[in-house]
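The structure file input_36.pdb is reproduced below (PDB, C-alpha atoms).
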```pdb
ATOM      1  CA  MET A   3       0.000   0.000   0.000
ATOM      2  CA  LEU A   4       2.827   2.399   0.892
ATOM      3  CA  ALA A   5       4.617   1.630  -2.341
ATOM      4  CA  ARG A   6       1.470   2.294  -4.388
ATOM      5  CA  ARG A   7       0.964   5.701  -2.767
ATOM      6  CA  LEU A   8       4.549   6.712  -3.376
ATOM      7  CA  ARG A   9       4.406   5.507  -6.976
ATOM      8  CA  GLY A  10       1.266   7.536  -7.636
ATOM      9  CA  ARG A  11       2.793  10.719  -6.331
ATOM     10  CA  CYS A  12       6.191  10.389  -8.005
ATOM     11  CA  SER A  13       7.029  10.600 -11.705
ATOM     12  CA  LEU A  14       9.618   8.129 -12.941
ATOM     13  CA  LYS A  15      11.131  10.991 -14.973
ATOM     14  CA  SER A  16      11.720  13.162 -11.912
ATOM     15  CA  ARG A  17      12.676  10.453  -9.402
ATOM     16  CA  ASN A  18      14.229   7.037  -9.480
ATOM     17  CA  TRP A  19      11.425   4.555  -8.739
ATOM     18  CA  ARG A  20      13.869   2.025  -7.418
ATOM     19  CA  ALA A  21      15.035   4.487  -4.786
ATOM     20  CA  VAL A  22      11.462   5.071  -3.700
ATOM     21  CA  TRP A  23      10.796   1.317  -3.437
ATOM     22  CA  GLY A  24      13.976   0.838  -1.417
ATOM     23  CA  VAL A  25      12.832   3.480   1.058
ATOM     24  CA  ALA A  26       9.415   1.802   1.271
ATOM     25  CA  VAL A  27      11.013  -1.522   2.146
ATOM     26  CA  LEU A  28      13.103   0.151   4.836
ATOM     27  CA  ALA A  29      10.040   1.912   6.239
ATOM     28  CA  ALA A  30       8.189  -1.388   6.465
ATOM     29  CA  LEU A  31      11.106  -3.015   8.257
ATOM     30  CA  VAL A  32      11.231  -0.164  10.739
ATOM     31  CA  GLY A  33       7.515  -0.629  11.382
ATOM     32  CA  VAL A  34       8.075  -4.302  12.166
ATOM     33  CA  GLY A  35      10.985  -3.399  14.406
ATOM     34  CA  THR A  36       8.786  -0.973  16.310
ATOM     35  CA  VAL A  37       6.261  -3.702  17.098
ATOM     36  CA  ALA A  38       8.923  -6.226  18.101
ATOM     37  CA  ALA A  39      11.089  -3.903  20.184
ATOM     38  CA  GLN A  40      10.661  -5.103  23.773
ATOM     39  CA  GLY A  41      14.226  -5.456  24.991
ATOM     40  CA  GLY A  42      17.714  -3.980  24.669
ATOM     41  CA  GLU A  43      18.714  -5.956  21.568
ATOM     42  CA  SER A  44      15.542  -5.052  19.687
ATOM     43  CA  ALA A  45      15.940  -1.371  20.575
ATOM     44  CA  SER A  46      19.477  -1.387  19.125
ATOM     45  CA  ALA A  47      18.260  -3.013  15.923
ATOM     46  CA  LEU A  48      15.488  -0.433  15.640
ATOM     47  CA  THR A  49      17.943   2.459  16.009
ATOM     48  CA  ALA A  50      20.186   0.985  13.315
ATOM     49  CA  LEU A  51      17.304   0.563  10.895
ATOM     50  CA  ARG A  52      16.167   4.169  11.384
ATOM     51  CA  ALA A  53      19.697   5.419  10.713
ATOM     52  CA  GLU A  54      19.939   3.372   7.551
ATOM     53  CA  ARG A  55      16.585   4.684   6.334
ATOM     54  CA  ALA A  56      17.732   8.266   6.802
ATOM     55  CA  ALA A  57      21.047   7.624   5.064
ATOM     56  CA  LEU A  58      19.513   5.885   2.087
ATOM     57  CA  SER A  59      16.409   7.984   1.580
ATOM     58  CA  ALA A  60      17.984  10.036  -1.235
ATOM     59  CA  GLY A  61      19.901   7.243  -2.982
ATOM     60  CA  GLY A  62      19.153   5.615  -6.330
ATOM     61  CA  ARG A  63      20.039   2.051  -7.143
ATOM     62  CA  THR A  64      22.023   1.912  -3.872
ATOM     63  CA  ALA A  65      18.840   2.415  -1.847
ATOM     64  CA  TRP A  66      17.091  -0.309  -3.821
ATOM     65  CA  ALA A  67      19.931  -2.799  -3.360
ATOM     66  CA  ARG A  68      20.395  -1.961   0.290
ATOM     67  CA  GLY A  69      16.667  -2.272   0.962
ATOM     68  CA  MET A  70      16.607  -5.718  -0.585
ATOM     69  CA  GLU A  71      19.631  -6.743   1.489
ATOM     70  CA  LEU A  72      17.979  -5.643   4.716
ATOM     71  CA  ALA A  73      14.767  -7.435   3.781
ATOM     72  CA  GLU A  74      16.676 -10.714   3.568
ATOM     73  CA  ARG A  75      18.224 -10.348   7.027
ATOM     74  CA  PRO A  76      16.833 -12.560   9.796
ATOM     75  CA  SER A  77      14.638 -10.618  12.188
ATOM     76  CA  VAL A  78      15.936  -9.862  15.670
ATOM     77  CA  ALA A  79      13.961 -11.735  18.313
ATOM     78  CA  PRO A  80      12.711  -9.660  21.223
ATOM     79  CA  ALA A  81      14.556 -10.072  24.481
ATOM     80  CA  GLN A  82      12.985 -12.817  26.539
ATOM     81  CA  GLY A  83      13.639 -11.329  29.933
ATOM     82  CA  THR A  84      13.693 -13.297  33.114
ATOM     83  CA  GLN A  85      11.165 -16.110  33.332
ATOM     84  CA  THR A  86      10.364 -17.954  36.513
ATOM     85  CA  ALA A  87       9.587 -21.659  36.455
ATOM     86  CA  PRO A  88       5.960 -22.542  37.281
ATOM     87  CA  GLU A  89       5.412 -23.504  40.875
ATOM     88  CA  LYS A  90       5.160 -27.258  41.427
ATOM     89  CA  GLU A  91       1.702 -28.531  42.294
ATOM     90  CA  LYS A  92       1.166 -29.361  45.944
ATOM     91  CA  ASN A  93       0.758 -33.027  46.874
ATOM     92  CA  VAL A  94      -2.916 -33.399  47.806
ATOM     93  CA  LYS A  95      -2.578 -36.763  49.583
ATOM     94  CA  PRO A  96       0.991 -37.471  50.744
ATOM     95  CA  GLY A  97       1.764 -41.116  51.440
ATOM     96  CA  ILE A  98      -1.367 -42.601  49.847
ATOM     97  CA  ASN A  99       0.695 -44.626  47.356
ATOM     98  CA  GLU A 100       3.408 -45.832  49.703
ATOM     99  CA  GLN A 101       2.140 -49.428  49.929
ATOM    100  CA  TRP A 102       1.386 -49.512  46.184
ATOM    101  CA  ARG A 103       5.070 -48.967  45.399
ATOM    102  CA  SER A 104       6.081 -52.089  47.330
ATOM    103  CA  PRO A 105       8.152 -54.646  45.365
ATOM    104  CA  ASN A 106       6.245 -57.387  47.199
ATOM    105  CA  VAL A 107       3.184 -57.453  44.970
ATOM    106  CA  ALA A 108       1.564 -60.679  46.170
ATOM    107  CA  PRO A 109      -0.553 -58.998  48.893
ATOM    108  CA  LEU A 110      -1.452 -56.192  46.460
ATOM    109  CA  VAL A 111      -2.715 -58.637  43.862
ATOM    110  CA  GLU A 112      -4.685 -60.468  46.549
ATOM    111  CA  MET A 113      -6.492 -57.234  47.458
ATOM    112  CA  LEU A 114      -7.118 -56.229  43.854
ATOM    113  CA  GLU A 115      -8.475 -59.596  42.772
ATOM    114  CA  ALA A 116     -10.545 -60.452  45.837
ATOM    115  CA  GLU A 117     -14.048 -61.696  44.999
ATOM    116  CA  SER A 118     -15.353 -59.365  47.700
ATOM    117  CA  ARG A 119     -14.211 -56.408  45.585
ATOM    118  CA  GLU A 120     -17.079 -55.544  43.262
ATOM    119  CA  ILE A 121     -14.832 -54.149  40.520
ATOM    120  CA  TYR A 122     -13.100 -57.509  40.184
ATOM    121  CA  ARG A 123     -16.281 -59.542  40.649
ATOM    122  CA  GLU A 124     -18.147 -57.526  37.990
ATOM    123  CA  ARG A 125     -15.187 -56.944  35.686
ATOM    124  CA  GLY A 126     -16.947 -58.420  32.650
ATOM    125  CA  LYS A 127     -19.964 -56.138  32.992
ATOM    126  CA  LEU A 128     -17.721 -53.142  33.644
ATOM    127  CA  ALA A 129     -15.657 -53.840  30.511
ATOM    128  CA  ALA A 130     -18.878 -54.050  28.481
ATOM    129  CA  LEU A 131     -19.964 -50.690  29.904
ATOM    130  CA  VAL A 132     -16.645 -49.084  28.986
ATOM    131  CA  ALA A 133     -17.019 -50.557  25.474
ATOM    132  CA  PRO A 134     -13.720 -49.756  23.736
ATOM    133  CA  LYS A 135     -13.953 -49.923  19.946
ATOM    134  CA  LYS A 136     -12.235 -52.531  17.827
ATOM    135  CA  GLY A 137      -8.883 -51.218  16.678
ATOM    136  CA  SER A 138      -8.815 -48.390  19.254
ATOM    137  CA  VAL A 139      -6.014 -47.521  21.662
ATOM    138  CA  VAL A 140      -6.828 -47.733  25.387
ATOM    139  CA  ALA A 141      -4.830 -46.667  28.442
ATOM    140  CA  ASP A 142      -5.653 -48.401  31.728
ATOM    141  CA  VAL A 143      -4.265 -45.896  34.208
ATOM    142  CA  GLY A 144      -3.530 -47.521  37.543
ATOM    143  CA  ALA A 145      -3.712 -50.950  35.942
ATOM    144  CA  GLY A 146      -2.790 -52.764  39.162
ATOM    145  CA  SER A 147      -2.766 -56.515  38.497
ATOM    146  CA  GLY A 148      -3.921 -55.961  34.918
ATOM    147  CA  PHE A 149      -7.206 -57.882  34.865
ATOM    148  CA  MET A 150      -9.077 -55.020  33.161
ATOM    149  CA  ALA A 151      -6.218 -54.344  30.739
ATOM    150  CA  GLU A 152      -6.369 -57.978  29.603
ATOM    151  CA  LEU A 153     -10.110 -57.716  28.949
ATOM    152  CA  PHE A 154      -9.620 -54.509  26.961
ATOM    153  CA  ALA A 155      -6.806 -56.075  24.915
ATOM    154  CA  ARG A 156      -9.181 -58.832  23.810
ATOM    155  CA  MET A 157     -11.945 -56.328  23.044
ATOM    156  CA  VAL A 158      -9.871 -53.964  20.838
ATOM    157  CA  GLY A 159      -8.412 -56.901  18.917
ATOM    158  CA  PRO A 160      -5.020 -57.296  17.233
ATOM    159  CA  GLN A 161      -5.395 -54.010  15.344
ATOM    160  CA  GLY A 162      -5.831 -52.106  18.619
ATOM    161  CA  LYS A 163      -3.537 -51.547  21.559
ATOM    162  CA  VAL A 164      -3.784 -51.322  25.339
ATOM    163  CA  TYR A 165      -1.312 -49.493  27.559
ATOM    164  CA  ALA A 166      -1.226 -50.778  31.133
ATOM    165  CA  VAL A 167       0.036 -47.770  33.110
ATOM    166  CA  ASP A 168       1.149 -48.100  36.727
ATOM    167  CA  ILE A 169       3.724 -46.649  39.136
ATOM    168  CA  ASN A 170       4.841 -50.072  40.416
ATOM    169  CA  PRO A 171       7.446 -51.762  38.167
ATOM    170  CA  LYS A 172       6.862 -55.169  39.758
ATOM    171  CA  LEU A 173       3.139 -55.064  39.055
ATOM    172  CA  LEU A 174       3.947 -54.141  35.468
ATOM    173  CA  GLU A 175       6.317 -57.101  35.172
ATOM    174  CA  ARG A 176       3.514 -59.375  36.321
ATOM    175  CA  ILE A 177       1.104 -57.873  33.772
ATOM    176  CA  GLU A 178       3.633 -58.380  30.987
ATOM    177  CA  GLN A 179       4.250 -62.011  31.954
ATOM    178  CA  ASN A 180       0.516 -62.780  32.038
ATOM    179  CA  ALA A 181      -0.010 -61.048  28.685
ATOM    180  CA  ARG A 182       2.684 -63.177  27.069
ATOM    181  CA  LYS A 183       1.146 -66.345  28.452
ATOM    182  CA  ALA A 184      -2.240 -65.285  27.085
ATOM    183  CA  GLY A 185      -0.783 -64.323  23.702
ATOM    184  CA  LEU A 186      -1.893 -60.688  24.062
ATOM    185  CA  VAL A 187       0.791 -59.036  21.952
ATOM    186  CA  ASN A 188      -1.225 -55.806  21.806
ATOM    187  CA  LEU A 189      -0.865 -55.177  25.560
ATOM    188  CA  GLN A 190       2.073 -52.931  26.457
ATOM    189  CA  ILE A 191       3.234 -51.896  29.928
ATOM    190  CA  VAL A 192       4.071 -48.253  30.752
ATOM    191  CA  LEU A 193       5.733 -47.009  33.922
ATOM    192  CA  GLY A 194       3.859 -43.919  35.047
ATOM    193  CA  GLN A 195       5.087 -41.095  37.239
ATOM    194  CA  GLU A 196       3.492 -39.515  40.279
ATOM    195  CA  ASP A 197       2.314 -36.580  38.158
ATOM    196  CA  SER A 198       2.067 -38.010  34.631
ATOM    197  CA  ILE A 199       0.847 -41.061  32.734
ATOM    198  CA  THR A 200       3.937 -40.653  30.494
ATOM    199  CA  LEU A 201       2.190 -41.350  27.183
ATOM    200  CA  PRO A 202       2.898 -39.429  23.949
ATOM    201  CA  ALA A 203       0.592 -36.645  22.818
ATOM    202  CA  ASN A 204      -2.489 -37.680  20.821
ATOM    203  CA  SER A 205      -1.697 -41.371  21.247
ATOM    204  CA  VAL A 206      -4.849 -42.879  22.808
ATOM    205  CA  ASP A 207      -8.601 -42.964  22.214
ATOM    206  CA  LEU A 208      -9.797 -43.978  25.678
ATOM    207  CA  VAL A 209      -8.412 -43.618  29.202
ATOM    208  CA  PHE A 210      -9.811 -45.907  31.886
ATOM    209  CA  ILE A 211      -9.277 -44.816  35.520
ATOM    210  CA  CYS A 212     -10.728 -47.286  38.007
ATOM    211  CA  ASP A 213     -10.472 -46.671  41.779
ATOM    212  CA  THR A 214      -7.252 -44.821  40.977
ATOM    213  CA  TYR A 215      -8.108 -41.130  40.659
ATOM    214  CA  HIS A 216      -8.145 -40.680  44.431
ATOM    215  CA  HIS A 217      -4.562 -41.998  44.368
ATOM    216  CA  PHE A 218      -3.430 -39.114  42.141
ATOM    217  CA  GLU A 219      -1.109 -37.155  44.407
ATOM    218  CA  TYR A 220      -0.859 -34.383  41.808
ATOM    219  CA  PRO A 221      -4.279 -34.460  40.110
ATOM    220  CA  LYS A 222      -3.932 -31.287  38.040
ATOM    221  CA  SER A 223      -0.643 -32.393  36.504
ATOM    222  CA  SER A 224      -1.872 -35.954  36.015
ATOM    223  CA  VAL A 225      -5.091 -34.884  34.275
ATOM    224  CA  ARG A 226      -3.129 -32.477  32.058
ATOM    225  CA  SER A 227      -0.974 -35.401  30.955
ATOM    226  CA  ILE A 228      -4.126 -37.390  30.189
ATOM    227  CA  HIS A 229      -5.565 -34.489  28.184
ATOM    228  CA  ARG A 230      -2.337 -34.302  26.213
ATOM    229  CA  ALA A 231      -2.270 -38.056  25.542
ATOM    230  CA  LEU A 232      -5.893 -38.271  24.368
ATOM    231  CA  ARG A 233      -6.769 -37.595  20.770
ATOM    232  CA  PRO A 234      -9.478 -34.995  20.073
ATOM    233  CA  GLY A 235     -12.819 -36.663  20.762
ATOM    234  CA  GLY A 236     -11.131 -39.208  23.030
ATOM    235  CA  GLU A 237     -12.787 -40.198  26.291
ATOM    236  CA  ILE A 238     -12.092 -40.802  29.954
ATOM    237  CA  VAL A 239     -14.121 -43.387  31.831
ATOM    238  CA  LEU A 240     -13.796 -42.641  35.529
ATOM    239  CA  VAL A 241     -14.786 -45.285  38.076
ATOM    240  CA  GLU A 242     -14.543 -44.083  41.657
ATOM    241  CA  PHE A 243     -15.811 -44.751  45.143
ATOM    242  CA  HIS A 244     -18.974 -43.073  46.377
ATOM    243  CA  ARG A 245     -18.180 -40.770  49.279
ATOM    244  CA  VAL A 246     -21.607 -40.155  50.726
ATOM    245  CA  ARG A 247     -22.598 -40.055  54.393
ATOM    246  CA  GLY A 248     -24.896 -42.921  55.235
ATOM    247  CA  LYS A 249     -23.910 -44.815  52.082
ATOM    248  CA  SER A 250     -20.143 -45.115  52.152
ATOM    249  CA  ALA A 251     -18.071 -46.956  54.746
ATOM    250  CA  ASP A 252     -16.431 -44.847  57.431
ATOM    251  CA  TRP A 253     -12.894 -45.653  56.212
ATOM    252  CA  MET A 254     -13.780 -44.167  52.826
ATOM    253  CA  PHE A 255     -13.884 -40.627  54.212
ATOM    254  CA  GLU A 256     -10.300 -40.923  55.405
ATOM    255  CA  HIS A 257      -8.952 -42.733  52.365
ATOM    256  CA  VAL A 258     -10.755 -40.928  49.503
ATOM    257  CA  ARG A 259     -10.058 -37.183  49.666
ATOM    258  CA  ALA A 260     -13.205 -35.963  47.867
ATOM    259  CA  GLY A 261     -16.495 -36.974  46.296
ATOM    260  CA  GLN A 262     -17.904 -37.122  42.795
ATOM    261  CA  ASP A 263     -18.624 -33.392  42.448
ATOM    262  CA  VAL A 264     -15.041 -32.380  43.292
ATOM    263  CA  PHE A 265     -13.421 -34.983  41.050
ATOM    264  CA  THR A 266     -15.751 -34.079  38.181
ATOM    265  CA  LYS A 267     -14.889 -30.391  38.508
ATOM    266  CA  GLU A 268     -11.154 -31.105  38.549
ATOM    267  CA  ILE A 269     -11.444 -33.024  35.292
ATOM    268  CA  THR A 270     -13.710 -30.511  33.531
ATOM    269  CA  ASP A 271     -11.428 -27.674  34.666
ATOM    270  CA  ALA A 272      -8.664 -29.419  32.694
ATOM    271  CA  GLY A 273     -10.635 -29.034  29.448
ATOM    272  CA  PHE A 274     -12.923 -32.068  29.407
ATOM    273  CA  GLU A 275     -16.700 -32.177  29.140
ATOM    274  CA  VAL A 276     -19.059 -34.595  30.850
ATOM    275  CA  VAL A 277     -20.678 -36.960  28.356
ATOM    276  CA  GLU A 278     -22.854 -38.776  30.861
ATOM    277  CA  ILE A 279     -23.056 -40.381  34.271
ATOM    278  CA  GLU A 280     -23.277 -44.043  33.376
ATOM    279  CA  GLU A 281     -25.923 -46.315  34.789
ATOM    280  CA  ALA A 282     -24.142 -49.197  36.486
ATOM    281  CA  PRO A 283     -26.654 -51.065  38.679
ATOM    282  CA  PHE A 284     -24.163 -53.890  39.180
ATOM    283  CA  LEU A 285     -21.947 -51.503  41.178
ATOM    284  CA  GLN A 286     -22.930 -50.446  44.685
ATOM    285  CA  GLU A 287     -19.735 -48.845  45.980
ATOM    286  CA  ASN A 288     -18.667 -47.060  42.798
ATOM    287  CA  TYR A 289     -20.008 -44.532  40.292
ATOM    288  CA  VAL A 290     -19.026 -44.226  36.609
ATOM    289  CA  VAL A 291     -18.669 -40.928  34.714
ATOM    290  CA  ARG A 292     -17.668 -40.581  31.064
ATOM    291  CA  PHE A 293     -15.803 -37.470  29.895
ATOM    292  CA  ARG A 294     -14.684 -36.324  26.464
ATOM    293  CA  LYS A 295     -11.874 -34.181  25.130
ATOM    294  CA  PRO A 296     -13.692 -31.798  22.754
ATOM    295  CA  VAL A 297     -12.812 -31.622  19.069
ATOM    296  CA  VAL A 298     -11.878 -27.997  18.370
ATOM    297  CA  VAL A 299     -12.014 -26.730  14.774
ATOM    298  CA  LYS A 300     -10.152 -23.476  14.275
ATOM    299  CA  GLN A 301     -11.740 -20.556  12.444
ATOM    300  CA  SER A 302      -8.968 -20.604   9.841
ATOM    301  CA  LEU A 303     -10.129 -24.040   8.700
ATOM    302  CA  LEU A 304     -13.742 -22.936   8.381
ATOM    303  CA  VAL A 305     -13.701 -19.366   7.098
ATOM    304  CA  PRO A 306     -10.105 -18.563   6.107
ATOM    305  CA  PHE A 307     -10.958 -15.160   4.655
ATOM    306  CA  LEU A 308     -12.223 -13.694   7.951
ATOM    307  CA  PRO A 309      -9.849 -11.367   9.817
ATOM    308  CA  ARG A 310      -8.103 -12.713  12.894
ATOM    309  CA  SER A 311     -10.166 -10.407  15.061
ATOM    310  CA  ALA A 312     -13.180 -12.491  14.072
ATOM    311  CA  ALA A 313     -11.554 -15.798  15.006
ATOM    312  CA  PHE A 314     -13.567 -18.326  16.927
ATOM    313  CA  SER A 315     -13.488 -22.019  17.833
ATOM    314  CA  LEU A 316     -16.174 -24.601  17.245
ATOM    315  CA  GLN A 317     -16.473 -27.580  19.565
ATOM    316  CA  VAL A 318     -17.688 -30.616  17.682
ATOM    317  CA  ARG A 319     -19.468 -33.153  19.871
ATOM    318  CA  PRO A 320     -19.746 -36.556  18.216
ATOM    319  CA  GLU A 321     -22.995 -38.398  18.729
ATOM    320  CA  ARG A 322     -23.037 -40.845  21.585
ATOM    321  CA  ARG A 323     -22.211 -44.208  20.105
ATOM    322  CA  SER A 324     -24.262 -47.284  20.820
ATOM    323  CA  ARG A 325     -22.605 -50.106  22.716
ATOM    324  CA  ARG A 326     -24.733 -52.730  21.041
ATOM    325  CA  GLY A 327     -22.901 -54.991  18.679
TER     326      GLY A 327
END
```

Show me the file's structure as structure tokens.
Amino acid sequence: MLARRLRGRCSLKSRNWRAVWGVAVLAALVGVGTVAAQGGESASALTALRAERAALSAGGRTAWARGMELAERPSVAPAQGTQTAPEKEKNVKPGINEQWRSPNVAPLVEMLEAESREIYRERGKLAALVAPKKGSVVADVGAGSGFMAELFARMVGPQGKVYAVDINPKLLERIEQNARKAGLVNLQIVLGQEDSITLPANSVDLVFICDTYHHFEYPKSSVRSIHRALRPGGEIVLVEFHRVRGKSADWMFEHVRAGQDVFTKEITDAGFEVVEIEEAPFLQENYVVRFRKPVVVKQSLLVPFLPRSAAFSLQVRPERRSRRG
């Protein structure tokens, strides 16, 4: 636009058009430098550019050549300044996982696979409720002894994959051994961290968290890692203990730090939406909530000719799939 105005006002007979264009290029560069100047280095670059514009404003071919040379220079990045590292999340339940890190896993497996535990007793019905798709990728976070991960591995089939994620290496070794015996080559063990499920970004379709969320010592960080690992449209199926006076056992109020409302809010605050509270009449001690990571379509993909000031995001909510068949 600047070049057009200058060209309209100047006759090629009276002035050298190349000189005018060179000055225009310099003026544009100075404008960019003005926007970017936020630190000492950028300020120096800006001063140099202004001096060069003044020196070359009357030149002919020299101004043109010099303007083109400056245009090819890499831009000077603004000074970053001093940045402080984000404060580490506070441990919300110190010591809750101490026994679950024990290398002696026999008593842990005995607790997890006791017939008196409704999750283990009703594992077939629970797996059917979760309903992972054939060929999908599932993460069983807090896999424990791996009985649910094995069911999921059979359900997703050889084209799918199941990650059994746990913080106890010995439990993971046991899961791997059992998977080999069962011929489940699509079941892979993953050592999690206290604040992360340690899976790559956009790598899974479904995250299953069963009687494990209350063991998250750093829930915000852990849920962020889950959000990162899930693909857009991917889901969380949360199975957790009821924490209701008159319904839950007394020990539950000491062991489980919060109830369904608090856990749901923590997960939605991380960018998930509630799909539904599942009906699970076969469970008395636990509730089941399904969440989804929304699919966000950027404005640039929909209406690329709109200005950035008119940008918006559209959340696409896939229809709830049927579990039949």

Go through the shown structure with the PyMOL selection byres ((chain A and resi 163-165) around 8) and write out the matching residues as number ranges by chain. A: 137-142, 151, 154-155, 158-162, 166-167, 188-192

Top pick for closest residue to Arg294 in chain A, considering A:Glu175, A:Lys127, A:Gly248, A:His229 and counting only C-alpha atoms: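 With only C-alpha atoms as the atom set, the closest residue is A:His229.
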
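If only C-alpha atoms are the atoms counted, then among A:Lys135, A:Ile177, A:Lys267, A:Arg259 the closest residue to Glu237 in chain A is A:Lys135.
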
Residues within 10 Å of Ile279 in chain A, please, as a list in words. Count all atoms listed in the file; anything in the same chain fewer than 5 positions from it doesn't count. Val239, Leu240, Tyr289, Val290, Val291, Arg292 and Phe293 of chain A

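Within 8 Å of range 244-247 of chain A, once all atoms listed in the file are used and residues closer than 4 positions along the same chain are dropped, the contacting residues are Met254, Phe255, Val258, Ala260, Gly261, Gln262, Glu287, Asn288 and Tyr289 of chain A.
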
If I take CA of Lys295 in chain A and CA of Met157 in chain A, how far is one from the other in Å, to one decimal?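 CA of Met157 in chain A lies 22.2 Å from CA of Lys295 in chain A.
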
Could you work out how far CA of Leu131 in chain A lies from CA of Lys172 in chain A, giving the answer in Å with one decimal? 28.9 Å

Record the distance separating CA of Glu281 in chain A and CA of Leu128 in chain A, expressed in Å with one decimal. 10.7 Å

As JSON, please: the centre and edge lengths in Å, to one decimal, of an axis-aligned box enclosing every listed atom of range 120-123 of chain A with 3 Å added on each side.
```
{"center_x": -15.1, "center_y": -56.8, "center_z": 41.7, "size_x": 10.0, "size_y": 11.4, "size_z": 9.1}
```

Using all atoms listed in the file, which of A:Glu117, A:Asp168, A:Glu196, A:Glu152 sits nearest Arg182 in chain A? A:Glu152

Counting all atoms listed in the file, the residue of A:Trp102, A:Cys212, A:Gly194, A:Phe274 that sits nearest Leu232 in chain A: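 The closest residue to Leu232 in chain A is A:Phe274.
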
Would you please work out which residue, of A:Ala116, A:Ile238, A:Val132, A:Val187, is nearest to Arg156 in chain A when using all atoms listed in the file?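 Of A:Ala116, A:Ile238, A:Val132, A:Val187, the one nearest Arg156 in chain A is A:Val187, counting all atoms listed in the file.
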
Once the PyMOL selection byres ((chain A and resi 214) around 9) has been applied to the shown file, what residues remain in the selection, as a list in words?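 Selection result, ordered by chain and number: Val143, Gly144, Ala145, Ile211, Cys212, Asp213, Tyr215, His216, His217, Phe218, Leu240, Val241 and Glu242 of chain A.
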
Using the chain letters and numbers from the file, give me the residues hit by the PyMOL selection byres ((chain A and resi 199) around 7), as a compact mmCIF listing (two decimals) with C-alpha atoms, in the coordinates of the input.
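Output (out.txt):
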```
# COMPACT_ATOMS: atom_id res chain seq x y z
CA VAL A 167 0.04 -47.77 33.11
CA GLY A 194 3.86 -43.92 35.05
CA GLN A 195 5.09 -41.10 37.24
CA SER A 198 2.07 -38.01 34.63
CA THR A 200 3.94 -40.65 30.49
CA LEU A 201 2.19 -41.35 27.18
CA SER A 224 -1.87 -35.95 36.02
CA SER A 227 -0.97 -35.40 30.96
CA ILE A 228 -4.13 -37.39 30.19
```
